[in-house]
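Here is the structure we will look at, set down as structure tokens.
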Amino acid sequence: MSELSKTYDPKSVEPKWYQRWIENDDFQANPKSSKPPFSIVMPPPNITGVLTLGHVLNNTIQDILARRARMQGKEVLWLPGMDHAGIGTQTAVEKWLRKNEGVTRHDLGREKFLERVLEWQDKHGGIIIQQLKRLGASCDWSRQRYTFDDAYIHAVQKVFVDLFQKGLIYRGRRMINWDPAAQTALSDEEVVSKPQKGTLYYVRYEGVEDRRHSLEVATTRPETIMADTAVAVHPGDERYAGLIGKHVWRPLVREKIPIIADEAIDPKFGTGVLKVTPAHDKVDFELGQRHHLPVIDVLHPDGRINCPALPDLDKLDRFEARKKAAELLEESGLLVKTEPYENNIGFSDRSEAAIEPRLSEQWFLRYPKTEQALAIVREHLIRFFPGHWEKVYGRWLENIQDWCISRQVWWGHRIPAWHKVGQASRLPITEDRKPEARATEIYVGIEPPPDSGNWTQDPDTLDTWFSSWLWAYETMDQETRNKFYPTSALVTGPDIIFFWVARMIIAGLEFTPGKSDRIEDNIPFRDVFFTGLIRDKQGRKMSKSLGNSPDPLELIDSYGADGVRFGLMRIAPSGQDIRFDEKQIEEGRNFATKLWNAARFRQMHGPSTRVPRIDDQTLSIYAVEMLARLNETIDDVEAAYGEYQFNVVAQRLYDFFWNDYCDWFVEAAKSDIFSGDEAKKNSTLAVMDVALSAVLRLLHPFMPHLTEELWSKFGFGEGSIQFEAPPRRIDVDPGNNQRQIVSAIYQMIEAGRNLRSESHIASNQKAKFVLRADAPQIRKEQETIARLLNASELVVDAGFTADAGTPVAATPAGELLLIAEVDRAAERERLDKEIAKLESELRTVKAKLENKSFVDRAPGAVVEEHRERQRNFAEQLAKLTQARERL
RNA sequence: GGGCGGUUAGCUCAGUGGUAGAGCGUCUCGUUUACACCGAGAGGGUCGGGGGUUCGAAACCCUCACCGCCCACCA
């Protein structure tokens, strides 16, 4: 074994091992292997993405699962890749072009622009993959996939054609969510609603048939008045009963519009009169359909007003037009009043622009297999961790709407549909909306229609998620699928439960990529673990604009990848948001150093054994105790993995190693190591080897580089730690009696240290301690206890008489006295405090035992525990009181 | 409007029926031959409020408050 340097240096250790693992192809998955499979597909980060703490969290968890599975002897596939991210990438490249070259995509034209995107992608894209390697991610990089690989594009288009032929995809003119900034349609899931402070305008619409019967309408959108084609009231609203069927004059662009009645109107809102604007509101559109109202569109796709009849408003941005419209109404005396109003407005998830409901011809998917998708999660064929996400998933599927899958962006999978040139591809508004009505003019197929007529391809692209939903299997060839599909687990954020998780489940059920038709062979994954969201210390979301998002690479530079991984995992409660604090990462680094130094200590005292064994006969009681706690740790860790509680695993290992192993066992073991007794020393060193070997293996999934480094230095096992089996329980049985003795000794040591501190004896000053008890078990351990107390000597003497004023503490092993010059007044005060505390505890226990119900009803063991506690307290109290009296 | 989380020490969080915990921060002591990225000790909490169940509640039930998410076409 080569010598360990004084401090652990992640910068020299981590890259070295990562490179070696790659060179050895340690992460490569072999579909021909006879080992049981374990597989994960990485949620593909956007090609434009850079590593964030969210990625670190997510991928560390996947790496932990992958590495643990390798140790368990499984054939592991962790499949990495990237997402072309249609709107996101297009926006990023457009921004870049505008900034660097001052051109827009329209200046370049579609073809040129796409060339530029590809250029940009090769130059700036995929940084995140290199960054993931710094983290130690054990992905099979030879299988890296991209949603824009040729084969993948083909698969996406094939799925489109297939679903079209099944009648599940159709084209239709409907109200969709329009993003005026990105100028594309969006799915419902891509719209987030946020409360907005605005104004409610009360506008008068004058009566046509009778001037006196004018109506007041409350609206938040006066700029769309020109598109009103009716006003509506509730049929039961007595205020307006006589007016239904009559007409009012529409303001701004004056025209006669009918007063209609519809159940959808809430008489309690505003004045109970709704202006009906079928082109610019979803509810109004449906109302318009029911009442056969015309549709007038007064908005350009970019959100500017399109109304040449009203030059004051025409071409104005919709928000400016709103103010202007209010002014115009005011001038004409039709604005009755305004009041501040807050309502929910939909915003684009991507561009953050306010969404316009817009009537537009788009492609839609009627989701298949929704019932089945619901059932397999409800019946736990797919398990969610934490389980409460099942409800969120269920509610979405129960209220599922058709999916608008076409996008008017250029960067994306081109829709495999063809239009006959010369025929209008956009139909007039009044045309029947049923899809089959236009089946004749459109051809759907990956290749253009064979008749070589004037066909042009549909200009639209597909929603990015329409490609991601195939990720779980389109990334694998048939042989790989046979071995690794369905995947074992999916690790992702709950924010994409609808976007991705649910749709992948549906895709698996619909396209049955598995090796048989059985449902359990076709679901995309068995377990889904939802991570929390990382927030800053104040609980705010991490965001670029707030500047509160630390750069993970800087963290890795400062604390090492293993330190970052461990620190983050220790504070990541399952399923809850995580408050990030760099201090926690520092603790991870500190833990790595602690492990390093404990290993150094072991290494200083001689070579380790390849396969360490312990000798039952020579074990110290401290060793047995430590091994017993190691066994408990192994069990707890096993259980926590079963529930995906990574923070519990990390915390358990941290506690065991730092407290049980380092603070207690190693300190106690120094007696044996420095005793000069070779047999004792070797026995203790063997115990250390057993424990360290186990700890390294337990920690390896969390801290792969450091554990590999130490494993190789110690020479445990044949080769890499990566393929070593996790430790099993060690065969020791301390028995209750021995554990009690160790516990008594440890408590006695704590009491002694406390005495020393309270009596102001410096920690480096040797002091004499006396245990006033007849305790042969303790007498045997005198030397070790003295070491842990930093005592000049420890005397065990039941008949010891001390001077009045000698500091004394009651311990389970007996009275412990500190022999030193002391301040009697201070000692009196200390004893009074301790006595008061004991008395109060005794009172509590006594009261409980005097409660007949407790004694009768509580479990026997609990009652017995209380009795023993009472005896102990009483005994200790008597001794302390005696000592106090002597003072 | 509906649903789901959360509220425990100054901070970040464990703790699902039996003496309230950890780390960090604070204060005191310490460089005692693994580790100052360390060791030892101390202080610090009416477990968000109020009811209830129970011999016993931080935990189970009800209710309220506050914080955070998600869903929903009230203009």
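Following the order of the structure tokens, first chain is A, next is B, and so on, with residues numbered from 1 inside each chain and ligands from 1 in the order they appear.
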
Taking the DSSP assignment computed from this structure's backbone, write out as an MDAnalysis selection string all residues of stretch 468-712 of chain A that belong to strand (DSSP E).
chainID A and resid 487:492 525:530 534:535 578:579

Would you output that residue set with N, CA, C and O atoms, as a PDB file, in the first residue's frame?
```
ATOM      1  N   THR A 487     -37.389  -0.122 -18.325  1.00  0.00           N
ATOM      2  CA  THR A 487     -36.305   0.332 -17.477  1.00  0.00           C
ATOM      3  C   THR A 487     -36.693   0.153 -16.009  1.00  0.00           C
ATOM      4  O   THR A 487     -37.865   0.047 -15.671  1.00  0.00           O
ATOM      5  N   SER A 488     -35.669   0.107 -15.175  1.00  0.00           N
ATOM      6  CA  SER A 488     -35.905  -0.190 -13.762  1.00  0.00           C
ATOM      7  C   SER A 488     -36.482   1.009 -13.013  1.00  0.00           C
ATOM      8  O   SER A 488     -37.376   0.867 -12.195  1.00  0.00           O
ATOM      9  N   ALA A 489     -35.933   2.186 -13.293  1.00  0.00           N
ATOM     10  CA  ALA A 489     -36.367   3.360 -12.541  1.00  0.00           C
ATOM     11  C   ALA A 489     -36.226   4.599 -13.402  1.00  0.00           C
ATOM     12  O   ALA A 489     -35.393   4.651 -14.305  1.00  0.00           O
ATOM     13  N   LEU A 490     -37.064   5.562 -13.102  1.00  0.00           N
ATOM     14  CA  LEU A 490     -36.959   6.871 -13.728  1.00  0.00           C
ATOM     15  C   LEU A 490     -36.776   7.888 -12.608  1.00  0.00           C
ATOM     16  O   LEU A 490     -37.486   7.838 -11.609  1.00  0.00           O
ATOM     17  N   VAL A 491     -35.794   8.766 -12.759  1.00  0.00           N
ATOM     18  CA  VAL A 491     -35.554   9.800 -11.746  1.00  0.00           C
ATOM     19  C   VAL A 491     -35.789  11.151 -12.407  1.00  0.00           C
ATOM     20  O   VAL A 491     -35.102  11.500 -13.363  1.00  0.00           O
ATOM     21  N   THR A 492     -36.760  11.873 -11.919  1.00  0.00           N
ATOM     22  CA  THR A 492     -37.085  13.135 -12.571  1.00  0.00           C
ATOM     23  C   THR A 492     -37.790  14.084 -11.613  1.00  0.00           C
ATOM     24  O   THR A 492     -38.134  13.716 -10.500  1.00  0.00           O
ATOM     25  N   PHE A 525     -41.158   2.000 -17.323  1.00  0.00           N
ATOM     26  CA  PHE A 525     -40.319   1.894 -16.124  1.00  0.00           C
ATOM     27  C   PHE A 525     -41.149   1.305 -14.998  1.00  0.00           C
ATOM     28  O   PHE A 525     -42.379   1.292 -15.062  1.00  0.00           O
ATOM     29  N   ARG A 526     -40.470   0.799 -13.988  1.00  0.00           N
ATOM     30  CA  ARG A 526     -41.193   0.184 -12.869  1.00  0.00           C
ATOM     31  C   ARG A 526     -41.358   1.142 -11.706  1.00  0.00           C
ATOM     32  O   ARG A 526     -42.402   1.207 -11.084  1.00  0.00           O
ATOM     33  N   ASP A 527     -40.291   1.897 -11.410  1.00  0.00           N
ATOM     34  CA  ASP A 527     -40.362   2.861 -10.312  1.00  0.00           C
ATOM     35  C   ASP A 527     -40.102   4.258 -10.869  1.00  0.00           C
ATOM     36  O   ASP A 527     -39.283   4.417 -11.760  1.00  0.00           O
ATOM     37  N   VAL A 528     -40.810   5.223 -10.335  1.00  0.00           N
ATOM     38  CA  VAL A 528     -40.506   6.611 -10.672  1.00  0.00           C
ATOM     39  C   VAL A 528     -40.168   7.329  -9.378  1.00  0.00           C
ATOM     40  O   VAL A 528     -40.974   7.332  -8.436  1.00  0.00           O
ATOM     41  N   PHE A 529     -38.978   7.898  -9.325  1.00  0.00           N
ATOM     42  CA  PHE A 529     -38.622   8.678  -8.147  1.00  0.00           C
ATOM     43  C   PHE A 529     -38.645  10.158  -8.513  1.00  0.00           C
ATOM     44  O   PHE A 529     -37.929  10.595  -9.409  1.00  0.00           O
ATOM     45  N   PHE A 530     -39.498  10.899  -7.814  1.00  0.00           N
ATOM     46  CA  PHE A 530     -39.579  12.330  -8.058  1.00  0.00           C
ATOM     47  C   PHE A 530     -38.694  13.070  -7.062  1.00  0.00           C
ATOM     48  O   PHE A 530     -38.875  12.943  -5.855  1.00  0.00           O
ATOM     49  N   ILE A 534     -34.816  22.375  -6.015  1.00  0.00           N
ATOM     50  CA  ILE A 534     -33.822  23.052  -5.194  1.00  0.00           C
ATOM     51  C   ILE A 534     -34.118  24.544  -5.136  1.00  0.00           C
ATOM     52  O   ILE A 534     -34.305  25.194  -6.154  1.00  0.00           O
ATOM     53  N   ARG A 535     -34.202  25.045  -3.928  1.00  0.00           N
ATOM     54  CA  ARG A 535     -34.468  26.470  -3.714  1.00  0.00           C
ATOM     55  C   ARG A 535     -33.277  27.090  -2.995  1.00  0.00           C
ATOM     56  O   ARG A 535     -32.427  26.381  -2.476  1.00  0.00           O
ATOM     57  N   ILE A 578     -35.800  21.386  -1.565  1.00  0.00           N
ATOM     58  CA  ILE A 578     -34.543  21.409  -0.852  1.00  0.00           C
ATOM     59  C   ILE A 578     -34.055  22.835  -0.729  1.00  0.00           C
ATOM     60  O   ILE A 578     -33.990  23.566  -1.714  1.00  0.00           O
ATOM     61  N   ARG A 579     -33.755  23.233   0.463  1.00  0.00           N
ATOM     62  CA  ARG A 579     -33.171  24.560   0.640  1.00  0.00           C
ATOM     63  C   ARG A 579     -31.665  24.413   0.571  1.00  0.00           C
ATOM     64  O   ARG A 579     -31.059  23.749   1.406  1.00  0.00           O
TER      65      ARG A 579
END
```

**Request:** Tell me which protein, DNA and RNA residues are within 12 Å of A:Ala791, counting only C-alpha atoms (C1' of nucleotides), leaving out same-chain ones fewer than 3 positions away, and put them as a list in words.
**Result:**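 Surrounding residues, per the criterion: Ile749, Gly752, Arg753, Arg756, Ile761, Ala762, Ser763, Asn764, Gln765, Lys766, Ala767, Lys768, Phe769, Val770, Gln782, Glu783, Thr784, Ile785, Ala786, Arg787, Leu788, Leu794, Val795, Leu817, Leu818, Ile819 and Ala820 of chain A; U32 of chain B.
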
At a cut-off of 12 Å, using only C-alpha atoms (C1' of nucleotides), what residues contact B:A65? Leave out same-chain residues fewer than 3 positions from it and give the result as number ranges by chain. B: 7, 48-50

What's around A:Ala572 at 9 Å? Count only C-alpha atoms (C1' of nucleotides), leave out sequence neighbours fewer than 2 positions away in its own chain, and write the answer as an NGL selection string. :A and (57 or 531-532 or 534 or 567-570 or 574-579 or 645-647)

Written file, previous selection with N, CA, C and O atoms, as a tab-separated table (two decimals), in the first residue's frame:
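Final output, part.tsv:
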```
chain	number	residue	atom	x	y	z
A	57	LEU	N	-28.45	17.12	-8.65
A	57	LEU	CA	-29.29	16.30	-7.76
A	57	LEU	C	-29.81	15.07	-8.50
A	57	LEU	O	-29.65	13.93	-8.06
A	531	THR	N	-37.76	13.83	-7.60
A	531	THR	CA	-36.87	14.59	-6.72
A	531	THR	C	-37.59	15.85	-6.26
A	531	THR	O	-38.63	16.20	-6.78
A	532	GLY	N	-36.99	16.52	-5.30
A	532	GLY	CA	-37.53	17.81	-4.90
A	532	GLY	C	-36.95	18.89	-5.79
A	532	GLY	O	-36.10	18.64	-6.64
A	534	ILE	N	-34.82	22.37	-6.01
A	534	ILE	CA	-33.82	23.05	-5.19
A	534	ILE	C	-34.12	24.54	-5.14
A	534	ILE	O	-34.31	25.19	-6.15
A	567	GLY	N	-22.85	15.98	0.13
A	567	GLY	CA	-23.48	17.10	0.83
A	567	GLY	C	-24.90	17.32	0.36
A	567	GLY	O	-25.82	17.52	1.16
A	568	LEU	N	-25.09	17.25	-0.95
A	568	LEU	CA	-26.42	17.48	-1.51
A	568	LEU	C	-27.38	16.35	-1.15
A	568	LEU	O	-28.53	16.59	-0.78
A	569	MET	N	-26.90	15.13	-1.23
A	569	MET	CA	-27.78	14.00	-0.93
A	569	MET	C	-28.21	13.98	0.53
A	569	MET	O	-29.30	13.55	0.86
A	570	ARG	N	-27.35	14.47	1.40
A	570	ARG	CA	-27.68	14.42	2.81
A	570	ARG	C	-28.81	15.40	3.16
A	570	ARG	O	-29.52	15.21	4.15
A	574	SER	N	-36.72	13.13	0.69
A	574	SER	CA	-37.45	12.56	-0.43
A	574	SER	C	-38.75	13.30	-0.66
A	574	SER	O	-39.57	13.42	0.24
A	575	GLY	N	-38.89	13.83	-1.86
A	575	GLY	CA	-40.15	14.42	-2.26
A	575	GLY	C	-40.43	15.80	-1.72
A	575	GLY	O	-41.52	16.31	-1.85
A	576	GLN	N	-39.44	16.40	-1.07
A	576	GLN	CA	-39.69	17.76	-0.61
A	576	GLN	C	-38.68	18.69	-1.23
A	576	GLN	O	-37.61	18.28	-1.61
A	577	ASP	N	-39.05	19.94	-1.30
A	577	ASP	CA	-38.12	20.91	-1.85
A	577	ASP	C	-36.91	21.01	-0.95
A	577	ASP	O	-36.98	20.77	0.25
A	578	ILE	N	-35.80	21.39	-1.56
A	578	ILE	CA	-34.54	21.41	-0.85
A	578	ILE	C	-34.06	22.83	-0.73
A	578	ILE	O	-33.99	23.57	-1.71
A	579	ARG	N	-33.76	23.23	0.46
A	579	ARG	CA	-33.17	24.56	0.64
A	579	ARG	C	-31.67	24.41	0.57
A	579	ARG	O	-31.06	23.75	1.41
A	645	GLN	N	-34.94	6.65	-0.03
A	645	GLN	CA	-34.64	7.73	0.91
A	645	GLN	C	-33.14	7.92	0.99
A	645	GLN	O	-32.49	7.46	1.92
A	646	PHE	N	-32.64	8.64	-0.01
A	646	PHE	CA	-31.19	8.80	-0.11
A	646	PHE	C	-30.62	9.64	1.02
A	646	PHE	O	-29.49	9.44	1.44
A	647	ASN	N	-31.40	10.60	1.48
A	647	ASN	CA	-30.91	11.42	2.59
A	647	ASN	C	-30.74	10.57	3.85
A	647	ASN	O	-29.82	10.79	4.63
```

So, with only C-alpha atoms as the atoms that count, which of A:Thr7, A:Thr52, A:Gln876, A:Thr461 lies closest to A:Trp410?
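Closest residue, counting only C-alpha atoms: A:Thr461.
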
message = as an NGL selection string, could you give me every residue of chain A near chain B (at most 7 Å apart, counting only C-alpha atoms (C1' of nucleotides))?
response = :A and (219 or 266 or 274 or 282-283 or 589-590 or 593-594 or 597-598 or 600-601 or 753-754 or 757 or 762-764 or 853-854 or 857-858 or 862)

Residues at most 12 Å from A:Asp210, counting only C-alpha atoms (C1' of nucleotides), excluding those fewer than 5 positions away in the same chain, as a short mmCIF file (atom, residue, chain, number, x, y, z; two decimals) with C-alpha atoms, in the first residue's frame?
```cif
data_model
loop_
_atom_site.label_atom_id
_atom_site.label_comp_id
_atom_site.auth_asym_id
_atom_site.auth_seq_id
_atom_site.Cartn_x
_atom_site.Cartn_y
_atom_site.Cartn_z
CA TYR A 205 -73.31 49.36 -25.17
CA LEU A 215 -76.27 47.62 -21.33
CA GLY A 242 -87.00 41.63 -21.79
CA LEU A 243 -83.91 42.43 -23.81
CA LYS A 246 -82.83 42.66 -29.10
CA HIS A 247 -79.59 44.40 -30.12
CA VAL A 248 -76.97 46.83 -28.90
CA TRP A 249 -74.48 49.04 -30.69
#
```

Next on the checklist: Report, in Å to a single decimal, how far apart atom CA of A:Ser712 and atom CA of A:Arg67 are.
Outcome noted: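 Between atom CA of A:Arg67 and atom CA of A:Ser712 the gap is 17.1 Å.
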
Checklist entry - Leaving out stretch 162-169 of chain A and any residue of its chain fewer than 4 positions from it, which residues lie within 8 Å of it when counting only C-alpha atoms (C1' of nucleotides), given as a count of residues only? => result 8

*Find the spatial neighbours of A:Pro448, counting only C-alpha atoms (C1' of nucleotides), within a cut-off of 10 Å - ignore same-chain residues fewer than 5 positions away - and output them as number ranges by chain.*
A: 416-419, 443, 453, 455-457

Keeping only N, CA, C and O atoms, write those residues as a CSV table (one decimal), in the first residue's frame.
```
chain,number,residue,atom,x,y,z
A,416,PRO,N,-44.9,15.0,-40.8
A,416,PRO,CA,-44.9,14.2,-42.1
A,416,PRO,C,-46.2,14.3,-42.8
A,416,PRO,O,-46.9,13.3,-42.9
A,417,ALA,N,-46.6,15.5,-43.1
A,417,ALA,CA,-47.9,15.6,-43.8
A,417,ALA,C,-47.7,16.5,-45.0
A,417,ALA,O,-46.8,17.4,-45.0
A,418,TRP,N,-48.5,16.3,-46.0
A,418,TRP,CA,-48.2,17.0,-47.3
A,418,TRP,C,-49.5,17.7,-47.8
A,418,TRP,O,-50.6,17.1,-47.7
A,419,HIS,N,-49.4,18.9,-48.3
A,419,HIS,CA,-50.6,19.6,-48.8
A,419,HIS,C,-50.5,19.7,-50.3
A,419,HIS,O,-49.4,20.0,-50.8
A,443,TYR,N,-52.1,14.6,-47.3
A,443,TYR,CA,-51.6,13.3,-47.4
A,443,TYR,C,-50.6,13.2,-46.2
A,443,TYR,O,-49.7,14.0,-46.0
A,453,GLY,N,-47.3,15.0,-57.7
A,453,GLY,CA,-48.0,16.2,-58.0
A,453,GLY,C,-47.4,17.4,-57.2
A,453,GLY,O,-46.3,17.3,-56.7
A,455,TRP,N,-47.2,18.7,-54.3
A,455,TRP,CA,-47.3,18.6,-52.9
A,455,TRP,C,-46.2,19.3,-52.2
A,455,TRP,O,-45.1,19.3,-52.6
A,456,THR,N,-46.6,20.0,-51.1
A,456,THR,CA,-45.6,20.6,-50.3
A,456,THR,C,-45.8,20.1,-48.8
A,456,THR,O,-46.9,19.8,-48.4
A,457,GLN,N,-44.6,20.0,-48.1
A,457,GLN,CA,-44.7,19.5,-46.8
A,457,GLN,C,-45.3,20.5,-45.8
A,457,GLN,O,-45.1,21.7,-46.0
```

Item to complete: Taking the DSSP assignment computed from this structure's backbone, write out as a PyMOL selection string all residues of stretch 139-248 of chain A that belong to alpha helix (DSSP H).
Response: chain A and resi 150-165

Could the residues of stretch 764-816 of chain A that have an atom at most 12 Å from stretch 835-841 of chain A be listed as JSON lines, each with its closest atom pair and the distance in Å to one decimal, counting only C-alpha atoms and ordered by chain and ascending residue number?
```
{"residue": "A:Val808", "atom": "CA", "partner": "A:Ile835", "partner_atom": "CA", "distance": 11.6}
{"residue": "A:Ala809", "atom": "CA", "partner": "A:Ile835", "partner_atom": "CA", "distance": 10.3}
{"residue": "A:Ala810", "atom": "CA", "partner": "A:Ile835", "partner_atom": "CA", "distance": 10.2}
```

Now that the selection is made, can you save its residues with all heavy atoms as a tab-separated table (two decimals), in the first residue's frame?
```tsv
chain	number	residue	atom	x	y	z
A	808	VAL	N	-18.19	15.56	41.73
A	808	VAL	CA	-18.68	14.20	41.60
A	808	VAL	C	-19.85	14.16	40.62
A	808	VAL	O	-20.61	15.10	40.52
A	808	VAL	CB	-19.11	13.64	42.98
A	808	VAL	CG1	-20.19	14.50	43.58
A	808	VAL	CG2	-19.55	12.19	42.87
A	809	ALA	N	-19.93	13.08	39.87
A	809	ALA	CA	-21.05	12.89	38.96
A	809	ALA	C	-21.59	11.49	39.12
A	809	ALA	O	-20.84	10.55	39.35
A	809	ALA	CB	-20.60	13.12	37.52
A	810	ALA	N	-22.91	11.37	39.02
A	810	ALA	CA	-23.52	10.05	39.10
A	810	ALA	C	-23.56	9.45	37.71
A	810	ALA	O	-23.97	10.11	36.77
A	810	ALA	CB	-24.93	10.19	39.65
```

Of A:Leu118, A:Ile127, A:Ile345, A:Val845, the one sitting nearest A:Leu553 when using only C-alpha atoms is A:Ile127

In Å, how far is it from atom CA of A:Tyr240 to atom CA of A:Ile296?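 About the pair atom CA of A:Tyr240 and atom CA of A:Ile296: they are 25.6 Å apart.
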
Note to self: What's the separation between atom CA of A:Ala502 and atom CA of A:Ala181, in Å to one decimal place?
What the structure shows: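 Value for the atom CA of A:Ala502-atom CA of A:Ala181 distance: 28.2 Å.
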